[in-house]
$ cat data_34.cif   # mmCIF, C-alpha atoms (C1' of nucleotides); chains and numbers go by the auth columns
data_final
#
loop_
_atom_site.group_PDB
_atom_site.id
_atom_site.type_symbol
_atom_site.label_atom_id
_atom_site.label_comp_id
_atom_site.label_asym_id
_atom_site.label_seq_id
_atom_site.Cartn_x
_atom_site.Cartn_y
_atom_site.Cartn_z
_atom_site.B_iso_or_equiv
_atom_site.auth_seq_id
_atom_site.auth_asym_id
ATOM 1 C CA MET A 1 -111.859 -17.401 18.660 0.00 1 A
ATOM 2 C CA ALA A 2 -108.689 -15.859 19.994 0.00 2 A
ATOM 3 C CA TYR A 3 -105.145 -17.162 19.858 0.00 3 A
ATOM 4 C CA TRP A 4 -102.489 -17.106 22.566 0.00 4 A
ATOM 5 C CA LEU A 5 -99.014 -18.270 23.425 0.00 5 A
ATOM 6 C CA PHE A 6 -98.011 -20.067 26.621 0.00 6 A
ATOM 7 C CA LYS A 7 -94.362 -20.096 27.563 0.00 7 A
ATOM 8 C CA SER A 8 -92.735 -22.657 29.793 0.00 8 A
ATOM 9 C CA GLU A 9 -89.328 -23.919 30.741 0.00 9 A
ATOM 10 C CA PRO A 10 -89.319 -27.529 29.541 0.00 10 A
ATOM 11 C CA SER A 11 -87.300 -28.589 32.594 0.00 11 A
ATOM 12 C CA VAL A 12 -90.164 -27.425 34.818 0.00 12 A
ATOM 13 C CA TRP A 13 -93.254 -28.147 32.730 0.00 13 A
ATOM 14 C CA GLY A 14 -92.782 -29.247 29.137 0.00 14 A
ATOM 15 C CA TRP A 15 -94.889 -30.332 26.195 0.00 15 A
ATOM 16 C CA ASP A 16 -94.490 -33.991 27.152 0.00 16 A
ATOM 17 C CA ASP A 17 -95.915 -33.241 30.592 0.00 17 A
ATOM 18 C CA GLN A 18 -98.860 -31.478 28.994 0.00 18 A
ATOM 19 C CA VAL A 19 -99.519 -34.364 26.589 0.00 19 A
ATOM 20 C CA ALA A 20 -99.383 -36.818 29.487 0.00 20 A
ATOM 21 C CA LYS A 21 -102.359 -35.023 31.055 0.00 21 A
ATOM 22 C CA GLY A 22 -104.495 -35.887 28.040 0.00 22 A
ATOM 23 C CA ASP A 23 -107.947 -34.369 27.581 0.00 23 A
ATOM 24 C CA ALA A 24 -108.204 -33.699 31.314 0.00 24 A
ATOM 25 C CA GLY A 25 -105.616 -30.989 30.852 0.00 25 A
ATOM 26 C CA GLU A 26 -103.928 -29.060 33.599 0.00 26 A
ATOM 27 C CA GLU A 27 -104.127 -25.593 35.083 0.00 27 A
ATOM 28 C CA TRP A 28 -101.556 -23.110 33.848 0.00 28 A
ATOM 29 C CA ASP A 29 -100.555 -22.079 37.341 0.00 29 A
ATOM 30 C CA GLY A 30 -97.626 -20.203 38.761 0.00 30 A
ATOM 31 C CA VAL A 31 -98.093 -17.012 36.763 0.00 31 A
ATOM 32 C CA ARG A 32 -97.186 -14.030 38.969 0.00 32 A
ATOM 33 C CA ASN A 33 -97.392 -11.254 36.450 0.00 33 A
ATOM 34 C CA TYR A 34 -100.365 -8.944 36.046 0.00 34 A
ATOM 35 C CA GLN A 35 -100.176 -8.621 32.286 0.00 35 A
ATOM 36 C CA ALA A 36 -100.074 -12.376 31.840 0.00 36 A
ATOM 37 C CA ARG A 37 -102.918 -12.846 34.299 0.00 37 A
ATOM 38 C CA ASN A 38 -105.051 -10.271 32.528 0.00 38 A
ATOM 39 C CA PHE A 39 -104.632 -12.111 29.249 0.00 39 A
ATOM 40 C CA MET A 40 -105.763 -15.322 30.913 0.00 40 A
ATOM 41 C CA ARG A 41 -108.858 -13.520 32.178 0.00 41 A
ATOM 42 C CA ASP A 42 -109.622 -12.637 28.564 0.00 42 A
ATOM 43 C CA MET A 43 -109.491 -16.247 27.426 0.00 43 A
ATOM 44 C CA ALA A 44 -112.576 -18.265 26.561 0.00 44 A
ATOM 45 C CA VAL A 45 -113.105 -22.013 26.458 0.00 45 A
ATOM 46 C CA GLY A 46 -112.161 -23.217 22.978 0.00 46 A
ATOM 47 C CA ASP A 47 -109.449 -20.610 22.388 0.00 47 A
ATOM 48 C CA ARG A 48 -106.247 -22.043 20.986 0.00 48 A
ATOM 49 C CA GLY A 49 -102.674 -21.369 21.991 0.00 49 A
ATOM 50 C CA PHE A 50 -99.094 -22.178 21.083 0.00 50 A
ATOM 51 C CA PHE A 51 -96.986 -24.071 23.599 0.00 51 A
ATOM 52 C CA TYR A 52 -93.516 -22.518 23.648 0.00 52 A
ATOM 53 C CA HIS A 53 -90.366 -23.922 25.195 0.00 53 A
ATOM 54 C CA SER A 54 -88.048 -21.212 26.537 0.00 54 A
ATOM 55 C CA GLN A 55 -84.432 -21.533 27.708 0.00 55 A
ATOM 56 C CA SER A 56 -82.339 -23.975 25.697 0.00 56 A
ATOM 57 C CA GLU A 57 -84.939 -24.959 23.141 0.00 57 A
ATOM 58 C CA LYS A 58 -86.653 -21.676 22.271 0.00 58 A
ATOM 59 C CA ALA A 59 -89.305 -23.083 19.957 0.00 59 A
ATOM 60 C CA VAL A 60 -93.045 -23.395 19.521 0.00 60 A
ATOM 61 C CA VAL A 61 -93.621 -27.125 19.891 0.00 61 A
ATOM 62 C CA GLY A 62 -97.356 -27.683 20.048 0.00 62 A
ATOM 63 C CA ILE A 63 -100.912 -26.441 20.106 0.00 63 A
ATOM 64 C CA VAL A 64 -103.143 -26.347 23.160 0.00 64 A
ATOM 65 C CA GLU A 65 -106.784 -25.515 23.813 0.00 65 A
ATOM 66 C CA VAL A 66 -108.313 -23.579 26.694 0.00 66 A
ATOM 67 C CA ILE A 67 -110.725 -25.905 28.526 0.00 67 A
ATOM 68 C CA ALA A 68 -111.586 -23.774 31.572 0.00 68 A
ATOM 69 C CA GLU A 69 -111.843 -20.052 32.077 0.00 69 A
ATOM 70 C CA ALA A 70 -109.746 -18.165 34.611 0.00 70 A
ATOM 71 C CA HIS A 71 -110.142 -19.359 38.201 0.00 71 A
ATOM 72 C CA PRO A 72 -108.062 -18.970 41.381 0.00 72 A
ATOM 73 C CA ASP A 73 -104.540 -20.390 41.117 0.00 73 A
ATOM 74 C CA SER A 74 -104.463 -23.457 43.368 0.00 74 A
ATOM 75 C CA THR A 75 -100.758 -23.015 44.084 0.00 75 A
ATOM 76 C CA THR A 76 -101.272 -19.856 46.140 0.00 76 A
ATOM 77 C CA ASP A 77 -103.673 -18.394 48.691 0.00 77 A
ATOM 78 C CA ASP A 78 -103.102 -14.961 47.202 0.00 78 A
ATOM 79 C CA GLU A 79 -106.399 -14.221 45.499 0.00 79 A
ATOM 80 C CA ARG A 80 -104.774 -11.864 43.012 0.00 80 A
ATOM 81 C CA TRP A 81 -103.532 -14.770 40.942 0.00 81 A
ATOM 82 C CA GLU A 82 -105.698 -16.725 38.548 0.00 82 A
ATOM 83 C CA CYS A 83 -105.117 -19.210 35.788 0.00 83 A
ATOM 84 C CA VAL A 84 -106.914 -21.129 33.051 0.00 84 A
ATOM 85 C CA ASP A 85 -106.832 -24.853 32.295 0.00 85 A
ATOM 86 C CA ILE A 86 -105.402 -26.060 29.000 0.00 86 A
ATOM 87 C CA LYS A 87 -105.030 -29.390 27.228 0.00 87 A
ATOM 88 C CA ALA A 88 -102.645 -30.510 24.501 0.00 88 A
ATOM 89 C CA VAL A 89 -104.251 -30.680 21.042 0.00 89 A
ATOM 90 C CA LYS A 90 -101.396 -31.693 18.778 0.00 90 A
ATOM 91 C CA ALA A 91 -97.666 -31.353 18.395 0.00 91 A
ATOM 92 C CA LEU A 92 -96.252 -29.340 15.519 0.00 92 A
ATOM 93 C CA PRO A 93 -94.764 -31.716 12.937 0.00 93 A
ATOM 94 C CA THR A 94 -91.745 -29.388 12.942 0.00 94 A
ATOM 95 C CA PRO A 95 -91.052 -27.120 15.926 0.00 95 A
ATOM 96 C CA VAL A 96 -90.786 -23.467 14.945 0.00 96 A
ATOM 97 C CA THR A 97 -87.718 -21.907 16.522 0.00 97 A
ATOM 98 C CA LEU A 98 -87.325 -18.393 17.826 0.00 98 A
ATOM 99 C CA ASP A 99 -84.649 -17.846 15.176 0.00 99 A
ATOM 100 C CA GLN A 100 -87.136 -18.685 12.430 0.00 100 A
ATOM 101 C CA ILE A 101 -89.730 -16.373 13.934 0.00 101 A
ATOM 102 C CA LYS A 102 -87.240 -13.543 14.242 0.00 102 A
ATOM 103 C CA SER A 103 -86.103 -13.941 10.655 0.00 103 A
ATOM 104 C CA CYS A 104 -89.660 -13.740 9.304 0.00 104 A
ATOM 105 C CA GLU A 105 -90.664 -10.163 8.491 0.00 105 A
ATOM 106 C CA ASP A 106 -94.369 -10.825 8.999 0.00 106 A
ATOM 107 C CA LEU A 107 -93.719 -11.977 12.548 0.00 107 A
ATOM 108 C CA ALA A 108 -91.599 -8.989 13.602 0.00 108 A
ATOM 109 C CA ASP A 109 -94.449 -7.629 15.729 0.00 109 A
ATOM 110 C CA MET A 110 -95.055 -10.811 17.688 0.00 110 A
ATOM 111 C CA VAL A 111 -95.015 -10.238 21.430 0.00 111 A
ATOM 112 C CA LEU A 112 -92.554 -13.096 21.636 0.00 112 A
ATOM 113 C CA VAL A 113 -90.084 -10.927 19.720 0.00 113 A
ATOM 114 C CA LYS A 114 -90.962 -7.576 21.263 0.00 114 A
ATOM 115 C CA ASN A 115 -91.423 -8.553 24.897 0.00 115 A
ATOM 116 C CA SER A 116 -89.648 -11.830 25.345 0.00 116 A
ATOM 117 C CA ARG A 117 -90.223 -11.955 29.089 0.00 117 A
ATOM 118 C CA LEU A 118 -94.014 -12.074 29.033 0.00 118 A
ATOM 119 C CA SER A 119 -95.048 -15.652 29.763 0.00 119 A
ATOM 120 C CA VAL A 120 -98.628 -15.532 28.482 0.00 120 A
ATOM 121 C CA GLN A 121 -99.282 -13.445 25.404 0.00 121 A
ATOM 122 C CA PRO A 122 -101.802 -12.824 22.612 0.00 122 A
ATOM 123 C CA VAL A 123 -101.159 -14.009 19.040 0.00 123 A
ATOM 124 C CA SER A 124 -102.899 -12.426 16.042 0.00 124 A
ATOM 125 C CA ASP A 125 -104.817 -14.480 13.462 0.00 125 A
ATOM 126 C CA VAL A 126 -102.154 -13.792 10.847 0.00 126 A
ATOM 127 C CA GLU A 127 -99.300 -14.739 13.173 0.00 127 A
ATOM 128 C CA TRP A 128 -101.133 -17.916 14.087 0.00 128 A
ATOM 129 C CA GLN A 129 -101.480 -18.958 10.446 0.00 129 A
ATOM 130 C CA ILE A 130 -97.874 -18.221 9.571 0.00 130 A
ATOM 131 C CA VAL A 131 -96.428 -20.121 12.512 0.00 131 A
ATOM 132 C CA CYS A 132 -98.756 -23.073 11.857 0.00 132 A
ATOM 133 C CA GLU A 133 -97.557 -23.231 8.265 0.00 133 A
ATOM 134 C CA MET A 134 -93.930 -22.994 9.314 0.00 134 A
ATOM 135 C CA GLY A 135 -94.584 -25.849 11.716 0.00 135 A
ATOM 136 C CA GLY A 136 -95.958 -28.065 8.980 0.00 136 A
ATOM 137 C CA LEU A 137 -99.702 -27.804 9.614 0.00 137 A
ATOM 138 C "C1'" DG B 1 -72.673 -18.023 33.162 0.00 1 B
ATOM 139 C "C1'" DC B 2 -73.473 -13.352 32.000 0.00 2 B
ATOM 140 C "C1'" DC B 3 -76.146 -9.505 31.382 0.00 3 B
ATOM 141 C "C1'" DA B 4 -79.948 -6.628 29.623 0.00 4 B
ATOM 142 C "C1'" DA B 5 -84.688 -5.765 30.183 0.00 5 B
ATOM 143 C "C1'" DC B 6 -88.420 -5.562 32.791 0.00 6 B
ATOM 144 C "C1'" DG B 7 -91.568 -5.720 36.852 0.00 7 B
ATOM 145 C "C1'" DT B 8 -92.188 -5.174 41.692 0.00 8 B
ATOM 146 C "C1'" DT B 9 -91.244 -3.422 46.163 0.00 9 B
ATOM 147 C "C1'" DG B 10 -90.527 -0.184 49.646 0.00 10 B
ATOM 148 C "C1'" DG B 11 -88.533 4.043 51.542 0.00 11 B
ATOM 149 C "C1'" DC B 12 -89.005 8.802 51.319 0.00 12 B
ATOM 150 C "C1'" DG C 1 -96.366 9.501 43.808 0.00 1 C
ATOM 151 C "C1'" DC C 2 -91.579 9.066 42.634 0.00 2 C
ATOM 152 C "C1'" DC C 3 -87.598 6.500 42.149 0.00 3 C
ATOM 153 C "C1'" DA C 4 -83.820 3.572 43.640 0.00 4 C
ATOM 154 C "C1'" DA C 5 -82.936 -1.089 44.723 0.00 5 C
ATOM 155 C "C1'" DC C 6 -83.730 -5.553 44.006 0.00 6 C
ATOM 156 C "C1'" DG C 7 -85.272 -10.009 41.921 0.00 7 C
ATOM 157 C "C1'" DT C 8 -86.488 -12.665 37.928 0.00 8 C
ATOM 158 C "C1'" DT C 9 -86.611 -13.983 33.266 0.00 9 C
ATOM 159 C "C1'" DG C 10 -84.717 -15.451 29.134 0.00 10 C
ATOM 160 C "C1'" DG C 11 -81.690 -14.748 25.159 0.00 11 C
ATOM 161 C "C1'" DC C 12 -77.013 -14.989 23.995 0.00 12 C
#

$ encode --input "data_34.cif" --output "structure tokens"
Amino acid sequence: MAYWLFKSEPSVWGWDDQVAKGDAGEEWDGVRNYQARNFMRDMAVGDRGFFYHSQSEKAVVGIVEVIAEAHPDSTTDDERWECVDIKAVKALPTPVTLDQIKSCEDLADMVLVKNSRLSVQPVSDVEWQIVCEMGGL
DNA sequence: GCCAACGTTGGC
DNA sequence: GCCAACGTTGGC
């Protein structure tokens, strides 16, 4: 199983919105970046991901699960763009902030730190474990 | 609100 | 195919 990180502006689509969708989940649409799209193509049903709030909050707030593989993005007719469906699994007891991640030596190589603009990114097994622990899981 | 970093577009 | 111009993102 692979791990990922999904970034969103909470004012547009936040963790609460994701939770409200329940097990039905929602497609992660609106991605218009090739790198991010390619990562979504690599995802498999059952993969887990962090849900990250950018902008004012800048913290990992929850865990999601991929429930559908990449398919055409329903928000555009441009067939270049695809997206997966994800559902909320559980909130982190304590959100893990970007500051915390940056101040942890073992997380210095996280894509979140190195390429902050990428909205969908891979997370290594080790990074996953560390952030989960920091979040109280 | 500013600005740096990055990706994309389009002219040549 | 290169590169300048532009738009967008996201941290500060």

$ atom_distance --input "data_34.cif" --atom1 "CA of Cys83 (chain A)" --atom2 "CA of His71 (chain A)"
5.6 Å

$ closest_residue --input "data_34.cif" --among "A:Glu133, A:Asp29, A:Asp106, A:Asp99" --to "chain C" --atoms "all atoms listed in the file"
A:Asp99

$ resolve_selection --input "data_34.cif" --expression "the PyMOL selection byres ((chain B and resi 2) around 9)" --output "list of chain:residue names"
B:DG1, B:DC3, C:DC12

$ interface_residues --input "data_34.cif" --of "chain A" --to "chain C" --cutoff "12 Å" --atoms "all atoms listed in the file" --output "NGL selection string"
:A and (7-9 or 32-33 or 53-58 or 98-99 or 112-113 or 115-119)

$ resolve_selection --input "data_34.cif" --expression "the PyMOL selection byres ((chain A and resi 41) around 10)" --output "PyMOL selection string"
chain A and resi 35-40+42-44+69-71+82-84

$ write_last_selection --input "data_34.cif" --atoms "C-alpha atoms" --output "PDB file, keeping the file's coordinate frame"
ATOM      1  CA  GLN A  35    -100.176  -8.621  32.286  1.00  0.00           C
ATOM      2  CA  ALA A  36    -100.074 -12.376  31.840  1.00  0.00           C
ATOM      3  CA  ARG A  37    -102.918 -12.846  34.299  1.00  0.00           C
ATOM      4  CA  ASN A  38    -105.051 -10.271  32.528  1.00  0.00           C
ATOM      5  CA  PHE A  39    -104.632 -12.111  29.249  1.00  0.00           C
ATOM      6  CA  MET A  40    -105.763 -15.322  30.913  1.00  0.00           C
ATOM      7  CA  ASP A  42    -109.622 -12.637  28.564  1.00  0.00           C
ATOM      8  CA  MET A  43    -109.491 -16.247  27.426  1.00  0.00           C
ATOM      9  CA  ALA A  44    -112.576 -18.265  26.561  1.00  0.00           C
ATOM     10  CA  GLU A  69    -111.843 -20.052  32.077  1.00  0.00           C
ATOM     11  CA  ALA A  70    -109.746 -18.165  34.611  1.00  0.00           C
ATOM     12  CA  HIS A  71    -110.142 -19.359  38.201  1.00  0.00           C
ATOM     13  CA  GLU A  82    -105.698 -16.725  38.548  1.00  0.00           C
ATOM     14  CA  CYS A  83    -105.117 -19.210  35.788  1.00  0.00           C
ATOM     15  CA  VAL A  84    -106.914 -21.129  33.051  1.00  0.00           C
TER      16      VAL A  84
END

$ axis_aligned_box --input "data_34.cif" --around "region 1-11 of chain B" --padding-each-side "3 Å" --output "AutoDock Vina command-line options"
--center_x -82.4 --center_y -7.0 --center_z 40.6 --size_x 25.5 --size_y 28.1 --size_z 27.9

$ closest_residue --input "data_34.cif" --among "A:Ala24, A:Leu5, A:Val61, A:Val31" --to "Asp73 (chain A)" --atoms "only C-alpha atoms"
A:Val31

$ atom_distance --input "data_34.cif" --atom1 "CA of Val123 (chain A)" --atom2 "CA of Lys21 (chain A)"
24.2 Å

$ atom_distance --input "data_34.cif" --atom1 "CA of Val120 (chain A)" --atom2 "CA of Gly30 (chain A)"
11.3 Å

$ residues_around --input "data_34.cif" --residues "Trp15 (chain A)" --least-positions-apart "2" --cutoff "9 Å" --atoms "all atoms listed in the file" --output "ChimeraX atom specification"
/A:8,10,13,17-20,51-53,61-62,88,91

$ decode --input "data_34.cif" --residues "chain B" --atoms "N, CA and C atoms (P, O5', C5', C4', C3', O3' and C1' of nucleotides)" --output "CSV table (one decimal), in the first residue's frame"
chain,number,residue,atom,x,y,z
B,1,DG,P,-5.3,43.0,1.5
B,1,DG,O5',-3.9,43.5,1.0
B,1,DG,C5',-3.1,44.1,1.9
B,1,DG,C4',-1.7,43.9,1.6
B,1,DG,C3',-1.4,43.8,0.1
B,1,DG,O3',-0.1,44.4,-0.1
B,1,DG,C1',-0.7,41.8,1.1
B,2,DC,P,0.6,44.7,-1.5
B,2,DC,O5',1.9,43.9,-1.3
B,2,DC,C5',2.6,44.0,-0.1
B,2,DC,C4',3.7,42.9,-0.1
B,2,DC,C3',4.4,42.8,-1.5
B,2,DC,O3',5.8,42.8,-1.2
B,2,DC,C1',3.7,40.7,-0.7
B,3,DC,P,6.8,43.1,-2.5
B,3,DC,O5',7.4,41.6,-2.6
B,3,DC,C5',7.9,40.9,-1.5
B,3,DC,C4',8.1,39.5,-1.8
B,3,DC,C3',8.7,39.3,-3.2
B,3,DC,O3',9.7,38.3,-3.1
B,3,DC,C1',6.8,38.0,-3.1
B,4,DA,P,11.0,38.3,-4.0
B,4,DA,O5',11.6,36.8,-3.7
B,4,DA,C5',11.3,36.2,-2.5
B,4,DA,C4',11.0,34.7,-2.8
B,4,DA,C3',11.7,34.1,-4.0
B,4,DA,O3',12.2,32.8,-3.6
B,4,DA,C1',9.4,33.9,-4.4
B,5,DA,P,13.1,31.9,-4.5
B,5,DA,O5',12.0,30.9,-5.0
B,5,DA,C5',11.3,30.1,-4.1
B,5,DA,C4',10.3,29.2,-4.8
B,5,DA,C3',11.0,28.5,-6.0
B,5,DA,O3',10.6,27.1,-6.0
B,5,DA,C1',9.0,29.7,-6.7
B,6,DC,P,11.4,26.1,-6.9
B,6,DC,O5',10.2,25.7,-7.9
B,6,DC,C5',8.9,25.4,-7.4
B,6,DC,C4',7.9,25.6,-8.5
B,6,DC,C3',8.3,25.0,-9.8
B,6,DC,O3',7.4,23.9,-10.0
B,6,DC,C1',7.3,27.1,-10.1
B,7,DG,P,7.6,22.8,-11.3
B,7,DG,O5',6.4,23.3,-12.2
B,7,DG,C5',5.1,23.4,-11.6
B,7,DG,C4',4.2,23.9,-12.6
B,7,DG,C3',4.3,23.3,-14.0
B,7,DG,O3',3.0,23.0,-14.5
B,7,DG,C1',4.6,25.6,-14.2
B,8,DT,P,2.7,22.3,-15.9
B,8,DT,O5',2.3,23.5,-16.8
B,8,DT,C5',1.2,24.4,-16.3
B,8,DT,C4',1.0,25.5,-17.3
B,8,DT,C3',1.0,25.1,-18.8
B,8,DT,O3',-0.2,25.7,-19.3
B,8,DT,C1',2.5,26.8,-18.5
B,9,DT,P,-0.7,25.3,-20.8
B,9,DT,O5',-0.5,26.6,-21.6
B,9,DT,C5',-0.8,27.9,-21.0
B,9,DT,C4',-0.1,29.0,-21.8
B,9,DT,C3',-0.2,28.8,-23.3
B,9,DT,O3',-0.9,29.9,-23.9
B,9,DT,C1',2.0,29.3,-22.7
B,10,DG,P,-1.5,29.9,-25.4
B,10,DG,O5',-0.3,30.7,-26.1
B,10,DG,C5',0.1,32.0,-25.6
B,10,DG,C4',1.3,32.5,-26.3
B,10,DG,C3',1.2,32.2,-27.8
B,10,DG,O3',1.8,33.3,-28.5
B,10,DG,C1',3.2,31.3,-26.9
B,11,DG,P,1.4,33.7,-30.0
B,11,DG,O5',2.6,34.6,-30.4
B,11,DG,C5',3.2,35.5,-29.4
B,11,DG,C4',4.7,35.6,-29.6
B,11,DG,C3',5.1,35.7,-31.1
B,11,DG,O3',6.1,36.7,-31.2
B,11,DG,C1',6.2,33.9,-30.0
B,12,DC,P,6.5,37.3,-32.6
B,12,DC,O5',7.9,36.5,-33.0
B,12,DC,C5',9.0,36.8,-32.2
B,12,DC,C4',10.1,35.7,-32.4
B,12,DC,C3',10.4,35.4,-33.8
B,12,DC,O3',11.5,36.1,-34.2
B,12,DC,C1',10.3,33.4,-32.5
